[in-house]
file upload_19.txt (compact mmCIF, C-alpha atoms)
# COMPACT_ATOMS: atom_id res chain seq x y z
CA GLN A 8 -23.37 -29.52 2.28
CA VAL A 9 -21.07 -26.51 2.20
CA GLN A 10 -20.38 -24.09 5.02
CA LEU A 11 -19.04 -20.58 4.46
CA VAL A 12 -17.60 -18.55 7.32
CA GLU A 13 -16.72 -14.90 6.82
CA SER A 14 -14.31 -12.93 8.97
CA GLY A 15 -12.40 -9.67 8.93
CA GLY A 16 -15.17 -7.12 9.25
CA GLY A 17 -15.07 -4.23 11.66
CA LEU A 18 -15.01 -0.47 12.11
CA VAL A 19 -12.61 1.55 9.98
CA GLN A 20 -12.16 5.23 9.21
CA PRO A 21 -12.80 6.62 5.73
CA GLY A 22 -9.78 5.99 3.53
CA GLY A 23 -8.82 2.92 5.52
CA SER A 24 -8.52 -0.72 4.52
CA LEU A 25 -9.92 -4.07 5.55
CA ARG A 26 -9.49 -7.61 4.26
CA LEU A 27 -12.39 -10.00 4.43
CA SER A 28 -11.96 -13.76 4.34
CA CYS A 29 -14.44 -16.49 3.48
CA ALA A 30 -13.44 -20.01 4.46
CA ALA A 31 -15.35 -22.86 2.83
CA SER A 32 -15.74 -26.36 4.19
CA GLY A 33 -17.67 -29.43 3.18
CA SER A 34 -18.22 -30.75 -0.33
CA ILE A 35 -16.55 -28.28 -2.64
CA PHE A 36 -17.47 -28.85 -6.26
CA SER A 37 -15.44 -27.88 -9.27
CA GLY A 38 -16.68 -25.22 -11.66
CA ASN A 39 -17.59 -22.83 -8.86
CA VAL A 40 -17.96 -19.08 -8.76
CA MET A 41 -17.25 -17.40 -5.45
CA GLY A 42 -18.49 -13.94 -4.71
CA TRP A 43 -18.90 -11.15 -2.22
CA TYR A 44 -22.18 -9.31 -1.87
CA ARG A 45 -23.27 -6.61 0.53
CA GLN A 46 -26.46 -5.28 2.01
CA ALA A 47 -26.81 -1.87 3.59
CA PRO A 48 -29.72 -1.00 5.89
CA GLY A 49 -32.89 -0.45 3.92
CA LYS A 50 -31.30 -1.56 0.67
CA GLU A 51 -31.27 -4.75 -1.37
CA ARG A 52 -28.32 -7.09 -1.40
CA GLU A 53 -25.94 -6.18 -4.23
CA LEU A 54 -23.00 -7.79 -5.94
CA VAL A 55 -19.56 -6.53 -4.97
CA ALA A 56 -17.20 -8.91 -6.77
CA THR A 57 -16.99 -12.44 -8.11
CA ILE A 58 -14.17 -14.79 -9.04
CA THR A 59 -14.38 -18.03 -11.00
CA SER A 60 -12.45 -21.21 -10.25
CA GLY A 61 -10.19 -20.19 -13.12
CA GLY A 62 -9.48 -16.79 -11.61
CA SER A 63 -11.62 -14.51 -13.78
CA THR A 64 -12.96 -11.57 -11.81
CA ASN A 65 -15.88 -9.19 -12.03
CA TYR A 66 -16.53 -6.05 -9.96
CA ALA A 67 -19.34 -3.63 -9.31
CA ASP A 68 -18.57 -0.22 -10.78
CA SER A 69 -18.72 1.32 -7.32
CA VAL A 70 -15.72 -0.69 -6.08
CA LYS A 71 -13.56 -0.96 -9.19
CA GLY A 72 -10.02 0.19 -8.49
CA ARG A 73 -10.54 0.01 -4.72
CA PHE A 74 -11.46 -3.63 -3.99
CA THR A 75 -9.68 -6.80 -5.05
CA ILE A 76 -11.11 -10.30 -4.89
CA SER A 77 -8.78 -13.29 -4.78
CA ARG A 78 -8.88 -16.95 -3.87
CA ASP A 79 -6.62 -19.66 -2.51
CA ASN A 80 -8.03 -22.94 -3.77
CA ALA A 81 -5.73 -25.02 -1.58
CA LYS A 82 -7.10 -23.27 1.51
CA LYS A 83 -10.66 -23.13 0.13
CA THR A 84 -10.68 -19.44 1.01
CA VAL A 85 -11.76 -16.32 -0.84
CA TYR A 86 -10.57 -12.86 0.09
CA LEU A 87 -11.80 -9.33 -0.47
CA GLN A 88 -9.17 -6.64 -0.03
CA MET A 89 -10.92 -3.32 0.45
CA ASN A 90 -8.92 -0.11 0.16
CA SER A 91 -9.90 3.57 0.17
CA LEU A 92 -13.05 2.72 2.04
CA LYS A 93 -15.95 5.18 2.00
CA PRO A 94 -18.90 5.60 4.35
CA GLU A 95 -21.16 4.27 1.58
CA ASP A 96 -19.29 0.96 1.76
CA THR A 97 -20.90 0.37 5.16
CA ALA A 98 -22.92 -2.83 4.95
CA VAL A 99 -23.10 -6.46 5.95
CA TYR A 100 -20.84 -8.35 3.56
CA TYR A 101 -21.82 -11.87 2.54
CA CYS A 102 -19.84 -14.61 0.87
CA LYS A 103 -21.58 -16.68 -1.79
CA ALA A 104 -20.59 -19.97 -3.40
CA HIS A 105 -22.24 -20.93 -6.66
CA PHE A 106 -21.53 -24.44 -7.85
CA VAL A 107 -22.62 -24.10 -11.45
CA LEU A 108 -22.41 -27.74 -12.54
CA VAL A 109 -24.71 -28.95 -9.74
CA ALA A 110 -26.82 -25.78 -9.59
CA LYS A 111 -26.29 -25.18 -5.87
CA VAL A 112 -25.82 -21.86 -4.07
CA TYR A 113 -24.63 -21.32 -0.51
CA TRP A 114 -24.34 -18.15 1.58
CA GLY A 115 -22.29 -17.27 4.62
CA GLN A 116 -23.73 -15.60 7.70
CA GLY A 117 -22.27 -12.18 6.88
CA THR A 118 -19.76 -9.85 8.48
CA GLN A 119 -20.39 -6.21 9.34
CA VAL A 120 -18.22 -3.50 7.80
CA THR A 121 -18.66 0.01 9.14
CA VAL A 122 -16.81 2.97 7.64
CA SER A 123 -17.08 5.99 9.90
CA SER A 124 -14.98 8.67 11.51
call {"tool": "encode", "arguments": {"input": "upload_19.txt", "output": "structure tokens"}}
result
Amino acid sequence: QVQLVESGGGLVQPGGSLRLSCAASGSIFSGNVMGWYRQAPGKERELVATITSGGSTNYADSVKGRFTISRDNAKKTVYLQMNSLKPEDTAVYYCKAHFVLVAKVYWGQGTQVTVSS
């Protein structure tokens, strides 16, 4: 079993920055893809960014150039640095772990990000 705990959300003004963290515990398998997703009220959950165990990254077009995903394998933690935040970035942000080789997916409980003046 794997547990994911997100932190770092909060209220920020437009143009501001936040850094989200996702700490993993339990049985961490190799060949994993970690990702951040978000869900705004009344909308479906959408991909924000992913990072493979080898460090390859992928971003949604809406966050390219503003958000950066990174990971510290020794700490079993994934980060999402969010800069130049916009009101449309307001959502609950979820961490996802996809262990490809064993076909298992885990989600965190989510952390609220609100961008408002």
call {"tool": "residues_near_point", "arguments": {"input": "upload_19.txt", "point": "(-6.3, -2.8, 4.1)", "cutoff": "7 Å", "atoms": "all atoms listed in the file", "output": "number ranges by chain"}}
result
A: 23-26, 88-90
call {"tool": "closest_residue", "arguments": {"input": "upload_19.txt", "among": "A:Ile35, A:Gly72, A:Ser28, A:Ser63", "to": "Phe106 (chain A)", "atoms": "only C-alpha atoms"}}
result
A:Ile35
call {"tool": "residues_around", "arguments": {"input": "upload_19.txt", "residues": "Ala31 (chain A)", "least_positions_apart": "6", "cutoff": "6 Å", "atoms": "all atoms listed in the file", "output": "PyMOL selection string"}}
result
chain A and resi 10-11+83
call {"tool": "atom_distance", "arguments": {"input": "upload_19.txt", "atom1": "CA of Lys71 (chain A)", "atom2": "CA of Tyr100 (chain A)"}}
result
16.4 Å
call {"tool": "atom_distance", "arguments": {"input": "upload_19.txt", "atom1": "CA of Leu87 (chain A)", "atom2": "CA of Leu27 (chain A)"}}
result
5.0 Å
call {"tool": "closest_residue", "arguments": {"input": "upload_19.txt", "among": "A:Gln20, A:Thr84, A:Thr75, A:Gln119", "to": "Tyr101 (chain A)", "atoms": "only C-alpha atoms"}}
result
A:Gln119
call {"tool": "residues_near_point", "arguments": {"input": "upload_19.txt", "point": "(-14.2, -20.0, -11.1)", "cutoff": "9 Å", "atoms": "all atoms listed in the file", "output": "list in words"}}
result
Ser37, Gly38, Asn39, Val40, Met41, Thr57, Ile58, Thr59, Ser60, Gly61, Gly62, Ser63 and Thr64 of chain A
call {"tool": "atom_distance", "arguments": {"input": "upload_19.txt", "atom1": "CA of Leu54 (chain A)", "atom2": "CA of Cys102 (chain A)"}}
result
10.1 Å
call {"tool": "closest_residue", "arguments": {"input": "upload_19.txt", "among": "A:Ala81, A:Ala104, A:Asp96, A:Gly17", "to": "Ala67 (chain A)", "atoms": "only C-alpha atoms"}}
result
A:Asp96
call {"tool": "closest_residue", "arguments": {"input": "upload_19.txt", "among": "A:Gly115, A:Lys50, A:Val19, A:Cys29", "to": "Ser77 (chain A)", "atoms": "only C-alpha atoms"}}
result
A:Cys29
call {"tool": "residues_around", "arguments": {"input": "upload_19.txt", "residues": "Glu95 (chain A)", "least_positions_apart": "6", "cutoff": "10 Å", "atoms": "only C-alpha atoms", "output": "list in words"}}
result
Pro21, Ala47, Ser69, Thr121, Val122 and Ser123 of chain A
call {"tool": "closest_residue", "arguments": {"input": "upload_19.txt", "among": "A:His105, A:Gly49, A:Ala56, A:Ala98", "to": "Ile76 (chain A)", "atoms": "all atoms listed in the file"}}
result
A:Ala56
call {"tool": "closest_residue", "arguments": {"input": "upload_19.txt", "among": "A:Ala110, A:Ala30, A:Val55, A:Val70", "to": "Gly15 (chain A)", "atoms": "all atoms listed in the file"}}
result
A:Ala30
call {"tool": "build_atoms", "arguments": {"input": "upload_19.txt", "residues": "region 28-48 of chain A", "atoms": "N, CA and C atoms", "output": "CSV table (one decimal), in the frame of the given file"}}
result
chain,number,residue,atom,x,y,z
A,28,SER,N,-12.3,-12.4,4.7
A,28,SER,CA,-12.0,-13.8,4.3
A,28,SER,C,-13.2,-14.6,4.4
A,29,CYS,N,-13.3,-15.6,3.5
A,29,CYS,CA,-14.4,-16.5,3.5
A,29,CYS,C,-13.9,-17.9,3.4
A,30,ALA,N,-14.0,-18.6,4.4
A,30,ALA,CA,-13.4,-20.0,4.5
A,30,ALA,C,-14.6,-21.0,4.2
A,31,ALA,N,-14.4,-21.9,3.2
A,31,ALA,CA,-15.4,-22.9,2.8
A,31,ALA,C,-15.0,-24.2,3.4
A,32,SER,N,-16.0,-25.0,3.8
A,32,SER,CA,-15.7,-26.4,4.2
A,32,SER,C,-16.9,-27.2,3.7
A,33,GLY,N,-16.7,-28.5,3.7
A,33,GLY,CA,-17.7,-29.4,3.2
A,33,GLY,C,-17.4,-29.9,1.8
A,34,SER,N,-18.4,-30.2,1.0
A,34,SER,CA,-18.2,-30.8,-0.3
A,34,SER,C,-18.1,-29.6,-1.3
A,35,ILE,N,-16.8,-29.4,-1.7
A,35,ILE,CA,-16.6,-28.3,-2.6
A,35,ILE,C,-16.5,-28.9,-4.0
A,36,PHE,N,-17.4,-28.4,-4.9
A,36,PHE,CA,-17.5,-28.8,-6.3
A,36,PHE,C,-16.6,-28.0,-7.2
A,37,SER,N,-16.2,-28.6,-8.3
A,37,SER,CA,-15.4,-27.9,-9.3
A,37,SER,C,-16.4,-27.0,-10.1
A,38,GLY,N,-15.9,-26.1,-10.9
A,38,GLY,CA,-16.7,-25.2,-11.7
A,38,GLY,C,-17.5,-24.3,-10.8
A,39,ASN,N,-16.8,-23.7,-9.8
A,39,ASN,CA,-17.6,-22.8,-8.9
A,39,ASN,C,-17.2,-21.4,-9.1
A,40,VAL,N,-18.2,-20.5,-8.7
A,40,VAL,CA,-18.0,-19.1,-8.8
A,40,VAL,C,-18.2,-18.6,-7.3
A,41,MET,N,-17.2,-18.0,-6.8
A,41,MET,CA,-17.2,-17.4,-5.4
A,41,MET,C,-17.5,-15.9,-5.6
A,42,GLY,N,-18.2,-15.4,-4.6
A,42,GLY,CA,-18.5,-13.9,-4.7
A,42,GLY,C,-18.7,-13.3,-3.4
A,43,TRP,N,-18.6,-12.0,-3.4
A,43,TRP,CA,-18.9,-11.2,-2.2
A,43,TRP,C,-20.1,-10.2,-2.6
A,44,TYR,N,-21.0,-10.2,-1.7
A,44,TYR,CA,-22.2,-9.3,-1.9
A,44,TYR,C,-22.3,-8.5,-0.6
A,45,ARG,N,-23.1,-7.4,-0.7
A,45,ARG,CA,-23.3,-6.6,0.5
A,45,ARG,C,-24.7,-6.1,0.6
A,46,GLN,N,-25.1,-5.8,1.8
A,46,GLN,CA,-26.5,-5.3,2.0
A,46,GLN,C,-26.4,-4.2,3.1
A,47,ALA,N,-26.7,-3.0,2.7
A,47,ALA,CA,-26.8,-1.9,3.6
A,47,ALA,C,-28.2,-1.8,4.2
A,48,PRO,N,-28.4,-1.1,5.3
A,48,PRO,CA,-29.7,-1.0,5.9
A,48,PRO,C,-30.7,-0.3,4.9
